[in-house]
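Single-structure report; data block below.
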Amino acid sequence: MGWRSKAEKAKKGHRPSLKNWACDGFNKTFPEYTAKILDLDNLGYQHFTTKGEVFHSYNDAIPARLDARYTSPKKFHDNYEAKLIPSVITHIPEGYDVPNPPSRGTCEEKKDQDNNNHGSPHRWRALDRWTLENLQNDNELRERALKCGEDDDERTIRMKLKHFMRYLHNNIDDSPLYIFDSAFDEDRLAKNLLEDYKVPVYFNEDLFRLVGEKRRPPYRWFLVGPERSGTCVHIDPLATSAWNTLIVGKKRWVLFPPYLSKSIVKGKGLIKKGEDDEAIHYFTTILPRIQEAAVKSGGTGRYENFECYEFTQHEGETVYIPNGWHHAVLNLTHTVGEILMRSG
């Protein structure tokens with residue numbers, strides 16, 4: 001059975017009622033949408049208010065933009081984590097978050113250092129091993145079956161990585177399957193992925209550790225997502241915060257402050273009969289409707305104090321989402337990354 005048959009079987013199990021996964025033709029319109037989004041990136045992160053204004057900024061913005069080369073763990077904890085401020089931190093996979101990072105010198109020294117930092121003991125192996133080409137050619141990992149969905153009874157649906165990578169490059173689905181695997185550490189070979197990254201020192205404290213590895217809920221995921229895949233708007237469970245490091249590709253995020261209700265951020269009353277709420281539909285259709293409804297309300301009623309924040313995550317960046325913040329994510333390109341949730 002080839003990759004196409006494997007993919008069709010997985011799709012049928014994941015969404016049995018959906019007969020045509022490409023019915024909306026997003027594979028044809030998505031390049032134009034992505035180009036517009038990336039053009040906005042040149043202006044900075046986007047902050048939307050009920051006045052219909054969109055502010056573009058990288059300074060004093062949400063999420064805060066930090067650089068691990070200049071941000072100590074204490075500064076992060078005191079100024080951002082304690083205040084529940086979402087953040088984007090650069091240069092973590094290169095090893096600059098460690099207590100004794102590579103020298104914090106002048107800008108020119110840092111450029112030289114970045115060019116010669118491949119031998120740093122703190123540099124993540126994932127930067128080399130998790131490229132799309134290397135994952136596809138990894139003789140051991142490509143044979144591992146990783147989770148790419150669930151059926152209606154919440155049973156795990158898996159595909160071998162070698163089949164999924166063929167699917168990733170060749171599918172035309174509106175909202176493709178997405179490897180989101182939390183059990184790779186239980187596989188004798190796939191658990192080698194644990195050696196490819198390190199928990200950033202900013203996030204070392206985790207109360208879940210107190211219950212032991214066997215009793216704690218799922219908390220870390222290996223991700224491989226085709227463009228147009230993503231996660232619907234949600235809030236992380238059990239009052240956890242999360243960090244997400246992107247090794248390959250670009251992701252689009254939208255964040256909503258904790259005081260906004262679930263019905264608002266999910267677009268209750270704004271989704272038409274028969275419409276989908278997958279990430280691709282949320283970003284292209286539902287989110288604009290939510291923003292339009294907020295503007296029409298004049299910031300009154302259920303949309304009082306409404307605001308949301310949109311930004312693009314790039315390779316090598318780590319996104320920190322504090323507990324209580326609703327968020328959704330759309331893969332603008334093929335992506336590979338790691339998510340870890342923590343309590344405390």
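Ordered as shown in the structure tokens, chains take letters A, B, and onward, while each chain numbers its residues from 1 and ligands are numbered from 1 in the order shown.
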
Quiz item: Hey, what's within 8 Å of Gly13 (chain A) if we count only C-alpha atoms and toss same-chain stuff fewer than 6 positions away? As number ranges by chain, please?
Solution: A: 150-152, 157

Any chance you can output those residues with N, CA and C atoms as an mmCIF file, in the first residue's frame?
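Output saved as part_31.cif:
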data_model
loop_
_atom_site.group_PDB
_atom_site.id
_atom_site.type_symbol
_atom_site.label_atom_id
_atom_site.label_comp_id
_atom_site.auth_asym_id
_atom_site.auth_seq_id
_atom_site.Cartn_x
_atom_site.Cartn_y
_atom_site.Cartn_z
ATOM 1 N N GLU A 150 -7.201 11.684 15.071
ATOM 2 C CA GLU A 150 -7.994 10.804 15.926
ATOM 3 C C GLU A 150 -9.300 10.481 15.222
ATOM 4 N N ASP A 151 -9.862 9.305 15.526
ATOM 5 C CA ASP A 151 -11.173 8.994 14.974
ATOM 6 C C ASP A 151 -12.255 9.501 15.920
ATOM 7 N N ASP A 152 -13.502 9.226 15.606
ATOM 8 C CA ASP A 152 -14.617 9.744 16.402
ATOM 9 C C ASP A 152 -14.646 9.188 17.818
ATOM 10 N N ILE A 157 -4.822 7.875 15.228
ATOM 11 C CA ILE A 157 -4.556 7.503 13.835
ATOM 12 C C ILE A 157 -3.096 7.842 13.538
#

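Counting only C-alpha atoms, region 245-253 of chain A has the following residues at most 7 Å away, ignoring those fewer than 4 positions along the same chain: Leu127, Thr131, Glu310, Phe311, Thr312, Gln313, His314, Glu315, Gly316, Glu317, Thr318, Val319, His327, Ala328, Val329, Leu330, Asn331, Leu332, Thr333, His334, Thr335, Val336, Gly337, Glu338 and Ile339 of chain A.
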
Include C-alpha atoms and write out the residues we just selected as an mmCIF file, in the first residue's frame.
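After the write, part_33.cif holds the following:
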data_model
loop_
_atom_site.group_PDB
_atom_site.id
_atom_site.type_symbol
_atom_site.label_atom_id
_atom_site.label_comp_id
_atom_site.auth_asym_id
_atom_site.auth_seq_id
_atom_site.Cartn_x
_atom_site.Cartn_y
_atom_site.Cartn_z
ATOM 1 C CA LEU A 127 18.561 22.547 13.662
ATOM 2 C CA THR A 131 14.985 19.700 8.132
ATOM 3 C CA GLU A 310 -1.686 38.541 15.011
ATOM 4 C CA PHE A 311 1.896 37.696 14.111
ATOM 5 C CA THR A 312 4.054 35.284 12.153
ATOM 6 C CA GLN A 313 6.519 32.941 13.819
ATOM 7 C CA HIS A 314 9.704 32.316 11.845
ATOM 8 C CA GLU A 315 12.377 29.620 11.982
ATOM 9 C CA GLY A 316 14.377 29.594 15.201
ATOM 10 C CA GLU A 317 11.771 31.536 17.172
ATOM 11 C CA THR A 318 10.133 30.288 20.369
ATOM 12 C CA VAL A 319 6.594 31.443 21.169
ATOM 13 C CA HIS A 327 -4.913 31.153 20.376
ATOM 14 C CA ALA A 328 -5.047 29.544 16.948
ATOM 15 C CA VAL A 329 -2.229 28.635 14.586
ATOM 16 C CA LEU A 330 -2.017 28.217 10.806
ATOM 17 C CA ASN A 331 0.983 26.803 8.970
ATOM 18 C CA LEU A 332 1.854 29.227 6.176
ATOM 19 C CA THR A 333 4.504 26.820 4.882
ATOM 20 C CA HIS A 334 5.522 23.254 5.667
ATOM 21 C CA THR A 335 6.708 23.320 9.281
ATOM 22 C CA VAL A 336 8.607 21.240 11.833
ATOM 23 C CA GLY A 337 8.728 22.085 15.518
ATOM 24 C CA GLU A 338 8.270 21.185 19.153
ATOM 25 C CA ILE A 339 5.653 22.159 21.767
#

Quiz item: By how many Å are CA of Gly299 (chain A) and CA of Lys36 (chain A) apart?
Solution: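 Separating CA of Gly299 (chain A) from CA of Lys36 (chain A) is a distance of 27.1 Å.
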
Exercise. For Pro258 (chain A), list every protein, DNA or RNA residue within 12 Å, evaluated using only C-alpha atoms, and leave out those in the same chain fewer than 3 positions away; present the list as JSON, numbers by chain.
Key: {"A": [84, 85, 86, 234, 235, 236, 239, 255, 261, 262, 264, 265, 305, 306, 307, 308, 321, 322, 323, 324, 325, 326, 327]}

Hey, which bits of region 169-253 of chain A sit within 12 Å of region 133-139 of chain A, and for each residue what's the closest pair of atoms and how far apart in Å (one decimal), counting only C-alpha atoms, rows by chain and increasing number, as a Markdown table?
| residue | atom | partner | partner_atom | distance |
| --- | --- | --- | --- | --- |
| A:His169 | CA | A:Gln136 | CA | 10.9 |
| A:Leu189 | CA | A:Asn139 | CA | 10.5 |
| A:Ala190 | CA | A:Asp138 | CA | 10.7 |
| A:Asn192 | CA | A:Asp138 | CA | 11.8 |
| A:Leu193 | CA | A:Leu135 | CA | 10.9 |
| A:Leu223 | CA | A:Leu135 | CA | 11.9 |
| A:Val224 | CA | A:Leu135 | CA | 9.9 |
| A:Val248 | CA | A:Glu133 | CA | 10.9 |

Hey, could you make a per-residue contact list for region 122-149 of chain A against region 177-188 of chain A with 7 Å as the cut-off, showing the nearest pair of atoms and its distance in Å to one decimal, counting only C-alpha atoms, sorted by chain and number, as CSV?
residue,atom,partner,partner_atom,distance
A:Leu146,CA,A:Asp181,CA,5.9
A:Lys147,CA,A:Asp181,CA,4.9
A:Cys148,CA,A:Ile179,CA,4.2
A:Gly149,CA,A:Leu177,CA,6.9

Please produce a file of the residues just selected, as a PDB file, in the first residue's frame, where the atoms kept are all heavy atoms.
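Output contents, as saved in again_14.pdb:
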ATOM      1  N   LEU A 146       3.673   7.856  13.428  1.00  0.00           N
ATOM      2  CA  LEU A 146       3.425   8.993  14.309  1.00  0.00           C
ATOM      3  C   LEU A 146       1.971   9.441  14.193  1.00  0.00           C
ATOM      4  O   LEU A 146       1.339   9.303  13.144  1.00  0.00           O
ATOM      5  CB  LEU A 146       4.361  10.154  13.947  1.00  0.00           C
ATOM      6  CG  LEU A 146       5.858   9.837  14.051  1.00  0.00           C
ATOM      7  CD1 LEU A 146       6.676  10.998  13.512  1.00  0.00           C
ATOM      8  CD2 LEU A 146       6.254   9.524  15.491  1.00  0.00           C
ATOM      9  N   LYS A 147       1.457  10.012  15.251  1.00  0.00           N
ATOM     10  CA  LYS A 147       0.046  10.406  15.296  1.00  0.00           C
ATOM     11  C   LYS A 147      -0.230  11.575  14.356  1.00  0.00           C
ATOM     12  O   LYS A 147       0.455  12.588  14.391  1.00  0.00           O
ATOM     13  CB  LYS A 147      -0.341  10.797  16.726  1.00  0.00           C
ATOM     14  CG  LYS A 147      -1.808  11.221  16.861  1.00  0.00           C
ATOM     15  CD  LYS A 147      -2.159  11.559  18.298  1.00  0.00           C
ATOM     16  CE  LYS A 147      -3.614  12.005  18.397  1.00  0.00           C
ATOM     17  NZ  LYS A 147      -4.003  12.320  19.802  1.00  0.00           N
ATOM     18  N   CYS A 148      -1.265  11.417  13.532  1.00  0.00           N
ATOM     19  CA  CYS A 148      -1.663  12.500  12.628  1.00  0.00           C
ATOM     20  C   CYS A 148      -3.165  12.785  12.711  1.00  0.00           C
ATOM     21  O   CYS A 148      -3.715  13.498  11.871  1.00  0.00           O
ATOM     22  CB  CYS A 148      -1.259  12.180  11.195  1.00  0.00           C
ATOM     23  SG  CYS A 148      -2.037  10.697  10.516  1.00  0.00           S
ATOM     24  N   GLY A 149      -3.824  12.225  13.729  1.00  0.00           N
ATOM     25  CA  GLY A 149      -5.251  12.475  13.893  1.00  0.00           C
ATOM     26  C   GLY A 149      -5.877  11.527  14.898  1.00  0.00           C
ATOM     27  O   GLY A 149      -5.190  10.692  15.509  1.00  0.00           O
TER      28      GLY A 149
END
